[in-house]
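As stored in my_file-v8.pdb (PDB, C-alpha atoms):
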ATOM      1  CA  MET A1299      47.132 -14.505  66.955
ATOM      2  CA  GLU A1300      50.716 -13.548  66.203
ATOM      3  CA  TRP A1301      52.590 -11.526  63.590
ATOM      4  CA  ILE A1302      55.711 -12.541  61.707
ATOM      5  CA  ASP A1303      57.885 -10.461  59.418
ATOM      6  CA  THR A1304      58.997 -12.973  56.804
ATOM      7  CA  GLY A1305      61.427 -10.500  55.279
ATOM      8  CA  ARG A1306      58.965 -10.016  52.433
ATOM      9  CA  VAL A1307      55.828  -9.010  54.315
ATOM     10  CA  ALA A1308      54.435  -8.882  57.848
ATOM     11  CA  LEU A1309      51.671 -11.467  58.246
ATOM     12  CA  ARG A1310      49.212 -12.132  61.061
ATOM     13  CA  TYR A1311      48.817 -15.851  61.636
ATOM     14  CA  GLU A1312      47.589 -18.531  64.017
ATOM     15  CA  LEU A1313      49.118 -22.010  64.379
ATOM     16  CA  THR A1314      47.094 -24.568  66.331
ATOM     17  CA  GLY A1315      46.898 -28.312  66.835
ATOM     18  CA  ALA A1316      49.543 -30.974  66.439
ATOM     19  CA  GLY A1317      50.177 -33.744  63.955
ATOM     20  CA  ASP A1318      52.265 -34.840  61.018
ATOM     21  CA  THR A1319      50.014 -33.054  58.507
ATOM     22  CA  THR A1320      49.813 -29.251  58.374
ATOM     23  CA  LEU A1321      46.631 -27.866  56.811
ATOM     24  CA  VAL A1322      47.101 -24.257  55.684
ATOM     25  CA  LEU A1323      43.881 -22.245  55.364
ATOM     26  CA  MET A1324      43.869 -19.395  52.817
ATOM     27  CA  HIS A1325      40.881 -17.059  52.864
ATOM     28  CA  GLU A1326      38.810 -15.410  50.155
ATOM     29  CA  MET A1327      39.098 -11.845  48.822
ATOM     30  CA  GLY A1328      37.650  -9.528  51.449
ATOM     31  CA  GLY A1329      38.142 -12.172  54.115
ATOM     32  CA  CYS A1330      40.769 -12.806  56.766
ATOM     33  CA  LEU A1331      41.854 -15.687  58.973
ATOM     34  CA  GLU A1332      38.578 -15.418  60.900
ATOM     35  CA  SER A1333      36.830 -16.651  57.744
ATOM     36  CA  TRP A1334      37.746 -20.139  59.020
ATOM     37  CA  ASP A1335      36.338 -19.722  62.550
ATOM     38  CA  TYR A1336      33.336 -21.988  61.938
ATOM     39  CA  LEU A1337      35.267 -24.732  60.153
ATOM     40  CA  LEU A1338      38.239 -24.905  62.493
ATOM     41  CA  PRO A1339      36.559 -26.825  65.369
ATOM     42  CA  LEU A1340      35.076 -29.327  62.889
ATOM     43  CA  LEU A1341      38.348 -30.400  61.296
ATOM     44  CA  PRO A1342      39.615 -33.958  61.834
ATOM     45  CA  ALA A1343      41.785 -34.607  64.866
ATOM     46  CA  GLY A1344      45.524 -34.988  64.398
ATOM     47  CA  LEU A1345      46.041 -31.949  62.174
ATOM     48  CA  ARG A1346      48.262 -28.964  62.709
ATOM     49  CA  VAL A1347      46.400 -25.963  61.271
ATOM     50  CA  LEU A1348      47.970 -22.735  60.051
ATOM     51  CA  ARG A1349      45.738 -19.867  59.028
ATOM     52  CA  TYR A1350      46.825 -16.342  58.225
ATOM     53  CA  ASP A1351      45.809 -12.992  56.764
ATOM     54  CA  MET A1352      47.170 -12.931  53.236
ATOM     55  CA  ARG A1353      49.033  -9.820  52.131
ATOM     56  CA  GLY A1354      46.753  -6.790  51.919
ATOM     57  CA  ALA A1355      43.963  -8.507  53.892
ATOM     58  CA  GLY A1356      42.925  -8.468  57.514
ATOM     59  CA  VAL A1357      45.735  -6.757  59.367
ATOM     60  CA  SER A1358      48.655  -8.119  57.376
ATOM     61  CA  GLU A1359      50.918  -5.735  55.525
ATOM     62  CA  LEU A1360      50.126  -4.489  52.034
ATOM     63  CA  PRO A1361      53.488  -4.007  50.276
ATOM     64  CA  PRO A1362      53.653  -1.239  47.656
ATOM     65  CA  GLU A1363      54.323  -3.473  44.644
ATOM     66  CA  PRO A1364      51.444  -4.850  42.534
ATOM     67  CA  MET A1365      49.664  -7.935  43.871
ATOM     68  CA  THR A1366      50.618 -11.146  42.073
ATOM     69  CA  MET A1367      49.956 -14.828  42.572
ATOM     70  CA  PRO A1368      53.695 -15.642  42.723
ATOM     71  CA  ALA A1369      53.980 -13.103  45.562
ATOM     72  CA  HIS A1370      51.167 -14.799  47.488
ATOM     73  CA  THR A1371      52.725 -18.224  47.171
ATOM     74  CA  ALA A1372      56.204 -16.941  48.012
ATOM     75  CA  ASP A1373      54.672 -15.352  51.127
ATOM     76  CA  LEU A1374      53.389 -18.742  52.237
ATOM     77  CA  ALA A1375      56.728 -20.424  51.526
ATOM     78  CA  ALA A1376      58.487 -17.753  53.597
ATOM     79  CA  LEU A1377      55.962 -18.114  56.431
ATOM     80  CA  LEU A1378      56.546 -21.867  56.497
ATOM     81  CA  ASP A1379      60.295 -21.279  56.593
ATOM     82  CA  VAL A1380      60.085 -18.873  59.528
ATOM     83  CA  LEU A1381      57.810 -21.294  61.403
ATOM     84  CA  ALA A1382      60.199 -24.177  60.585
ATOM     85  CA  ILE A1383      57.451 -26.238  58.926
ATOM     86  CA  LYS A1384      59.491 -28.535  56.698
ATOM     87  CA  ALA A1385      57.126 -31.400  55.857
ATOM     88  CA  PRO A1386      54.874 -31.037  52.800
ATOM     89  CA  ILE A1387      51.651 -29.188  53.613
ATOM     90  CA  VAL A1388      48.035 -29.337  52.467
ATOM     91  CA  PRO A1389      47.034 -25.821  51.366
ATOM     92  CA  MET A1390      43.277 -25.244  51.352
ATOM     93  CA  GLY A1391      41.759 -22.034  50.067
ATOM     94  CA  THR A1392      38.512 -20.360  49.104
ATOM     95  CA  ALA A1393      38.062 -18.248  45.950
ATOM     96  CA  VAL A1394      41.286 -16.221  45.558
ATOM     97  CA  GLY A1395      42.702 -18.243  48.436
ATOM     98  CA  GLY A1396      41.787 -21.377  46.509
ATOM     99  CA  ALA A1397      43.633 -20.109  43.464
ATOM    100  CA  ALA A1398      46.651 -19.331  45.650
ATOM    101  CA  ALA A1399      46.529 -22.843  47.133
ATOM    102  CA  LEU A1400      46.542 -24.336  43.634
ATOM    103  CA  PHE A1401      49.323 -22.004  42.508
ATOM    104  CA  PHE A1402      51.379 -23.049  45.526
ATOM    105  CA  ALA A1403      50.884 -26.719  44.621
ATOM    106  CA  ALA A1404      52.124 -26.002  41.109
ATOM    107  CA  THR A1405      55.044 -23.802  42.160
ATOM    108  CA  TYR A1406      56.226 -25.802  45.177
ATOM    109  CA  PRO A1407      55.407 -29.441  44.380
ATOM    110  CA  GLY A1408      58.006 -30.704  46.849
ATOM    111  CA  ARG A1409      56.346 -28.779  49.660
ATOM    112  CA  THR A1410      52.768 -29.837  48.834
ATOM    113  CA  ARG A1411      51.259 -33.123  49.970
ATOM    114  CA  ALA A1412      47.797 -32.400  48.522
ATOM    115  CA  VAL A1413      45.630 -29.359  47.808
ATOM    116  CA  ILE A1414      41.988 -28.412  48.395
ATOM    117  CA  ALA A1415      40.232 -25.474  46.726
ATOM    118  CA  THR A1416      36.655 -24.283  47.092
ATOM    119  CA  SER A1417      35.235 -22.045  44.346
ATOM    120  CA  PRO A1418      38.753 -21.156  43.134
ATOM    121  CA  ALA A1419      39.047 -17.737  41.490
ATOM    122  CA  ILE A1420      41.678 -18.370  38.832
ATOM    123  CA  GLY A1421      40.913 -15.264  36.761
ATOM    124  CA  VAL A1422      38.058 -13.881  34.667
ATOM    125  CA  PRO A1423      37.125 -14.051  30.968
ATOM    126  CA  GLU A1424      38.641 -11.344  28.824
ATOM    127  CA  ASP A1425      35.304  -9.579  28.349
ATOM    128  CA  ARG A1426      35.007  -9.068  32.129
ATOM    129  CA  ARG A1427      38.482  -7.722  32.779
ATOM    130  CA  ALA A1428      37.701  -4.063  32.167
ATOM    131  CA  GLY A1429      34.706  -4.260  34.486
ATOM    132  CA  LEU A1430      36.830  -5.832  37.205
ATOM    133  CA  ARG A1431      39.394  -3.060  36.923
ATOM    134  CA  ALA A1432      36.580  -0.506  37.172
ATOM    135  CA  ARG A1433      35.343  -2.227  40.350
ATOM    136  CA  ALA A1434      38.880  -2.039  41.722
ATOM    137  CA  ASP A1435      38.964   1.706  41.048
ATOM    138  CA  LEU A1436      35.581   2.115  42.766
ATOM    139  CA  ALA A1437      36.734   0.147  45.804
ATOM    140  CA  THR A1438      39.836   2.322  46.037
ATOM    141  CA  SER A1439      37.916   5.585  45.882
ATOM    142  CA  ASP A1440      34.649   4.746  47.652
ATOM    143  CA  GLY A1441      35.125   1.592  49.702
ATOM    144  CA  PHE A1442      32.413  -1.076  49.729
ATOM    145  CA  ARG A1443      29.215   0.375  51.164
ATOM    146  CA  SER A1444      27.596   0.930  47.770
ATOM    147  CA  THR A1445      28.508  -2.523  46.423
ATOM    148  CA  VAL A1446      28.638  -4.938  49.380
ATOM    149  CA  ASP A1447      25.007  -6.069  49.205
ATOM    150  CA  ALA A1448      25.052  -6.857  45.494
ATOM    151  CA  GLY A1449      28.205  -8.910  46.004
ATOM    152  CA  LEU A1450      26.718 -10.832  48.922
ATOM    153  CA  ASP A1451      23.541 -11.510  46.938
ATOM    154  CA  ARG A1452      25.705 -13.428  44.453
ATOM    155  CA  GLY A1453      27.911 -15.277  46.880
ATOM    156  CA  TYR A1454      25.770 -15.472  50.028
ATOM    157  CA  PRO A1455      22.171 -15.726  48.740
ATOM    158  CA  ALA A1456      19.107 -15.462  50.958
ATOM    159  CA  LEU A1457      18.509 -19.226  51.198
ATOM    160  CA  LEU A1458      21.853 -19.548  53.032
ATOM    161  CA  ARG A1459      21.143 -16.808  55.582
ATOM    162  CA  ALA A1460      19.239 -18.834  58.168
ATOM    163  CA  ASP A1461      21.910 -17.872  60.709
ATOM    164  CA  ALA A1462      21.304 -14.121  60.647
ATOM    165  CA  ALA A1463      24.105 -13.323  63.075
ATOM    166  CA  ARG A1464      26.613 -15.187  60.919
ATOM    167  CA  PHE A1465      25.519 -13.276  57.821
ATOM    168  CA  THR A1466      25.673  -9.947  59.678
ATOM    169  CA  ARG A1467      29.201 -10.742  60.845
ATOM    170  CA  THR A1468      30.280 -11.595  57.307
ATOM    171  CA  ARG A1469      28.758  -8.401  55.917
ATOM    172  CA  GLY A1470      30.594  -6.341  58.536
ATOM    173  CA  GLN A1471      33.833  -8.112  57.690
ATOM    174  CA  ARG A1472      33.406  -7.230  54.018
ATOM    175  CA  LEU A1473      32.639  -3.580  54.800
ATOM    176  CA  SER A1474      35.778  -3.237  56.908
ATOM    177  CA  ALA A1475      38.166  -4.983  54.490
ATOM    178  CA  ASN A1476      41.307  -3.155  53.389
ATOM    179  CA  ARG A1477      40.024  -1.416  50.265
ATOM    180  CA  LEU A1478      43.500  -1.010  48.780
ATOM    181  CA  GLY A1479      44.321  -4.679  49.268
ATOM    182  CA  PHE A1480      40.922  -5.651  47.858
ATOM    183  CA  ALA A1481      41.457  -3.463  44.795
ATOM    184  CA  ALA A1482      44.970  -4.829  44.285
ATOM    185  CA  THR A1483      43.539  -8.365  44.366
ATOM    186  CA  MET A1484      40.906  -7.460  41.766
ATOM    187  CA  ARG A1485      43.560  -6.036  39.475
ATOM    188  CA  MET A1486      45.587  -9.217  39.912
ATOM    189  CA  LEU A1487      42.557 -11.306  38.907
ATOM    190  CA  ALA A1488      41.996  -9.148  35.835
ATOM    191  CA  ASP A1489      45.428 -10.181  34.541
ATOM    192  CA  LEU A1490      45.544 -13.746  35.855
ATOM    193  CA  ASP A1491      45.893 -16.825  33.652
ATOM    194  CA  MET A1492      46.693 -20.003  35.594
ATOM    195  CA  THR A1493      46.283 -22.516  32.773
ATOM    196  CA  ALA A1494      49.928 -23.581  32.735
ATOM    197  CA  GLU A1495      50.102 -23.884  36.519
ATOM    198  CA  LEU A1496      46.918 -25.930  36.764
ATOM    199  CA  ASN A1497      48.132 -28.295  34.032
ATOM    200  CA  SER A1498      51.311 -28.931  36.021
ATOM    201  CA  ILE A1499      49.775 -29.940  39.376
ATOM    202  CA  THR A1500      50.727 -33.516  40.247
ATOM    203  CA  CYS A1501      49.592 -33.938  43.867
ATOM    204  CA  PRO A1502      46.145 -35.190  44.969
ATOM    205  CA  THR A1503      43.673 -32.361  44.368
ATOM    206  CA  LEU A1504      40.115 -31.794  45.580
ATOM    207  CA  VAL A1505      38.066 -28.933  44.132
ATOM    208  CA  ILE A1506      34.654 -28.117  45.619
ATOM    209  CA  ALA A1507      31.900 -26.064  43.978
ATOM    210  CA  GLY A1508      28.912 -24.385  45.600
ATOM    211  CA  GLN A1509      25.513 -25.145  44.091
ATOM    212  CA  HIS A1510      24.284 -21.640  45.040
ATOM    213  CA  ASP A1511      27.492 -19.749  44.248
ATOM    214  CA  GLY A1512      26.675 -16.905  41.883
ATOM    215  CA  ASP A1513      30.311 -15.769  41.701
ATOM    216  CA  ARG A1514      31.895 -19.118  40.775
ATOM    217  CA  PRO A1515      29.020 -21.452  39.794
ATOM    218  CA  PRO A1516      29.589 -25.196  39.389
ATOM    219  CA  GLU A1517      30.037 -25.014  35.608
ATOM    220  CA  ASN A1518      32.805 -22.429  36.107
ATOM    221  CA  VAL A1519      34.504 -24.644  38.686
ATOM    222  CA  ALA A1520      34.165 -27.646  36.369
ATOM    223  CA  ALA A1521      36.178 -25.800  33.721
ATOM    224  CA  THR A1522      38.923 -25.268  36.299
ATOM    225  CA  VAL A1523      38.878 -28.929  37.354
ATOM    226  CA  ALA A1524      39.277 -30.006  33.727
ATOM    227  CA  LEU A1525      42.674 -28.285  33.651
ATOM    228  CA  ILE A1526      44.076 -30.218  36.647
ATOM    229  CA  PRO A1527      45.265 -33.766  35.919
ATOM    230  CA  GLY A1528      43.432 -36.300  38.075
ATOM    231  CA  ALA A1529      41.585 -33.754  40.193
ATOM    232  CA  GLU A1530      38.612 -34.887  42.252
ATOM    233  CA  THR A1531      35.557 -32.663  42.444
ATOM    234  CA  LEU A1532      32.209 -32.413  44.157
ATOM    235  CA  THR A1533      29.406 -29.892  44.546
ATOM    236  CA  LEU A1534      27.876 -28.914  47.876
ATOM    237  CA  PRO A1535      24.545 -27.128  48.473
ATOM    238  CA  SER A1536      26.405 -24.017  49.541
ATOM    239  CA  GLY A1537      27.623 -20.669  48.238
ATOM    240  CA  HIS A1538      30.841 -18.787  47.632
ATOM    241  CA  PHE A1539      31.832 -18.625  51.308
ATOM    242  CA  MET A1540      31.054 -22.244  52.126
ATOM    243  CA  ALA A1541      33.385 -22.521  55.127
ATOM    244  CA  ILE A1542      31.262 -19.758  56.691
ATOM    245  CA  GLN A1543      27.854 -20.735  55.319
ATOM    246  CA  THR A1544      27.969 -24.532  55.645
ATOM    247  CA  PRO A1545      31.082 -25.520  57.621
ATOM    248  CA  GLU A1546      29.643 -28.915  58.589
ATOM    249  CA  LEU A1547      29.233 -29.853  54.920
ATOM    250  CA  VAL A1548      32.765 -28.727  54.122
ATOM    251  CA  ALA A1549      34.242 -30.637  57.061
ATOM    252  CA  ASN A1550      32.420 -33.813  56.040
ATOM    253  CA  ALA A1551      33.547 -33.385  52.421
ATOM    254  CA  ILE A1552      37.246 -32.927  53.111
ATOM    255  CA  ALA A1553      37.650 -35.506  55.918
ATOM    256  CA  PRO A1554      37.754 -38.588  53.604
ATOM    257  CA  PHE A1555      40.174 -36.848  51.252
ATOM    258  CA  LEU A1556      42.505 -35.922  54.116
ATOM    259  CA  ALA A1557      42.284 -39.457  55.497
ATOM    260  CA  ARG A1558      43.352 -40.922  52.141
ATOM    261  CA  ILE A1559      46.373 -38.678  51.689
TER     262      ILE A1559
END

Could I get this structure in the form of structure tokens?
Amino acid sequence: MEWIDTGRVALRYELTGAGDTTLVLMHEMGGCLESWDYLLPLLPAGLRVLRYDMRGAGVSELPPEPMTMPAHTADLAALLDVLAIKAPIVPMGTAVGGAAALFFAATYPGRTRAVIATSPAIGVPEDRRAGLRARADLATSDGFRSTVDAGLDRGYPALLRADAARFTRTRGQRLSANRLGFAATMRMLADLDMTAELNSITCPTLVIAGQHDGDRPPENVAATVALIPGAETLTLPSGHFMAIQTPELVANAIAPFLARI
């Protein structure tokens, strides 16, 4: 792993592989670049893969200004510039990372070859916004120990916990997340409306839902897909953290899409 100061933010990243196509992996809220550990060795050959801790997550910097989706996507553009990655990329993200991947595709169409999102978190209904802000305040003051298990019950249900060590690792990762970065991300989601950006995406798009995802169930994901012109979609028997829970299924799902584009 390495760190780069893009001039906007210091980011921890890893760049591996070689090929004409760069797949950029963007993790979920509470995650970090290690969220992709199980998927990485299953990806098709011939890819260059960039994964990184998004601002306020893992051990990347949390700048003092409010978290915004334009800031996330500008961070990625700056990271690509510093790494001299000029060819259009394929951003792939989970949950908030999925929303950021889609926002990047809308904001930087000339730099995006295609986009993949799993369980994208593009905001919350108006009646849930106050509750999300309250959860952000609780995370800031108390951390996650009182709430982590309820959250994992929604996104990582018992039927997906056959690998106990993998679940234990994920739970520990959530407990040790940067609470200020997590809270800032929640507050961003409480104010987020990506309708215009989703309507403007023109590149090939694949959106994947998890059949057992209590945070972003398939019907929620379907509403997101309906906003993206020409988007492909499928549902896997997985949860909110499908690259952790069922990496083989995810790898098999994205390989044909990557081969086509």

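Taking CA of Thr1522 in chain A and CA of Arg1477 in chain A as the two end points, the separation is 27.7 Å.
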
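Nearest-residue note for Leu1547 in chain A: choosing from A:Asn1518, A:Leu1534, A:Leu1473, A:Trp1334, the minimum distance belongs to A:Leu1534, counting all atoms listed in the file.
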
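Around Leu1377 in chain A, within 10 Å and counting only C-alpha atoms, the residues found are A:Ile1302, A:Asp1303, A:Thr1304, A:Gly1305, A:Arg1306, A:Val1307, A:Ala1308, A:Leu1309, A:Tyr1311, A:Leu1348, A:Tyr1350, A:Thr1371, A:Ala1372, A:Asp1373, A:Leu1374, A:Ala1375, A:Asp1379, A:Val1380, A:Leu1381, A:Ala1382, A:Ile1383, once anything fewer than 2 positions away on its own chain is removed.
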
Okay, now the selection with C-alpha atoms, as a PDB file, in the frame of the given file?
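Output below, filename result-v8.pdb:
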ATOM      1  CA  ILE A1302      55.711 -12.541  61.707  1.00  0.00           C
ATOM      2  CA  ASP A1303      57.885 -10.461  59.418  1.00  0.00           C
ATOM      3  CA  THR A1304      58.997 -12.973  56.804  1.00  0.00           C
ATOM      4  CA  GLY A1305      61.427 -10.500  55.279  1.00  0.00           C
ATOM      5  CA  ARG A1306      58.965 -10.016  52.433  1.00  0.00           C
ATOM      6  CA  VAL A1307      55.828  -9.010  54.315  1.00  0.00           C
ATOM      7  CA  ALA A1308      54.435  -8.882  57.848  1.00  0.00           C
ATOM      8  CA  LEU A1309      51.671 -11.467  58.246  1.00  0.00           C
ATOM      9  CA  TYR A1311      48.817 -15.851  61.636  1.00  0.00           C
ATOM     10  CA  LEU A1348      47.970 -22.735  60.051  1.00  0.00           C
ATOM     11  CA  TYR A1350      46.825 -16.342  58.225  1.00  0.00           C
ATOM     12  CA  THR A1371      52.725 -18.224  47.171  1.00  0.00           C
ATOM     13  CA  ALA A1372      56.204 -16.941  48.012  1.00  0.00           C
ATOM     14  CA  ASP A1373      54.672 -15.352  51.127  1.00  0.00           C
ATOM     15  CA  LEU A1374      53.389 -18.742  52.237  1.00  0.00           C
ATOM     16  CA  ALA A1375      56.728 -20.424  51.526  1.00  0.00           C
ATOM     17  CA  ASP A1379      60.295 -21.279  56.593  1.00  0.00           C
ATOM     18  CA  VAL A1380      60.085 -18.873  59.528  1.00  0.00           C
ATOM     19  CA  LEU A1381      57.810 -21.294  61.403  1.00  0.00           C
ATOM     20  CA  ALA A1382      60.199 -24.177  60.585  1.00  0.00           C
ATOM     21  CA  ILE A1383      57.451 -26.238  58.926  1.00  0.00           C
TER      22      ILE A1383
END

Specify as a PDB file with C-alpha atoms, keeping the file's coordinate frame each residue included when the PyMOL selection byres ((chain A and resi 1523) around 10) is applied to this file.
ATOM      1  CA  PRO A1418      38.753 -21.156  43.134  1.00  0.00           C
ATOM      2  CA  LEU A1496      46.918 -25.930  36.764  1.00  0.00           C
ATOM      3  CA  ASN A1497      48.132 -28.295  34.032  1.00  0.00           C
ATOM      4  CA  THR A1503      43.673 -32.361  44.368  1.00  0.00           C
ATOM      5  CA  LEU A1504      40.115 -31.794  45.580  1.00  0.00           C
ATOM      6  CA  VAL A1505      38.066 -28.933  44.132  1.00  0.00           C
ATOM      7  CA  ILE A1506      34.654 -28.117  45.619  1.00  0.00           C
ATOM      8  CA  GLU A1517      30.037 -25.014  35.608  1.00  0.00           C
ATOM      9  CA  ASN A1518      32.805 -22.429  36.107  1.00  0.00           C
ATOM     10  CA  VAL A1519      34.504 -24.644  38.686  1.00  0.00           C
ATOM     11  CA  ALA A1520      34.165 -27.646  36.369  1.00  0.00           C
ATOM     12  CA  ALA A1521      36.178 -25.800  33.721  1.00  0.00           C
ATOM     13  CA  THR A1522      38.923 -25.268  36.299  1.00  0.00           C
ATOM     14  CA  ALA A1524      39.277 -30.006  33.727  1.00  0.00           C
ATOM     15  CA  LEU A1525      42.674 -28.285  33.651  1.00  0.00           C
ATOM     16  CA  ILE A1526      44.076 -30.218  36.647  1.00  0.00           C
ATOM     17  CA  PRO A1527      45.265 -33.766  35.919  1.00  0.00           C
ATOM     18  CA  GLY A1528      43.432 -36.300  38.075  1.00  0.00           C
ATOM     19  CA  ALA A1529      41.585 -33.754  40.193  1.00  0.00           C
ATOM     20  CA  GLU A1530      38.612 -34.887  42.252  1.00  0.00           C
ATOM     21  CA  THR A1531      35.557 -32.663  42.444  1.00  0.00           C
TER      22      THR A1531
END

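Between CA of Asp1451 in chain A and CA of Ala1397 in chain A there is a distance of 22.1 Å.
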
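Of the listed residues (A:Ile1559, A:Cys1330, A:Ala1432, A:Leu1490), A:Leu1490 comes nearest to Pro1368 in chain A; the distances count all atoms listed in the file.
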
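For the choices A:Gly1408, A:Gly1537, A:Pro1502, A:Gly1317, the atom-to-atom distance to Tyr1454 in chain A is smallest for A:Gly1537 when using all atoms listed in the file.
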
Practice problem: Please evaluate the PyMOL selection byres ((chain A and resi 1543) around 10) against the displayed coordinates and give the resulting residues as number ranges by chain. | Solution: A: 1336-1337, 1454, 1458-1461, 1464-1465, 1468, 1535-1542, 1544-1548

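With distances restricted to only C-alpha atoms, A:Arg1433 is the closest residue to Met1484 in chain A from A:Arg1472, A:His1510, A:Arg1433, A:Arg1409.
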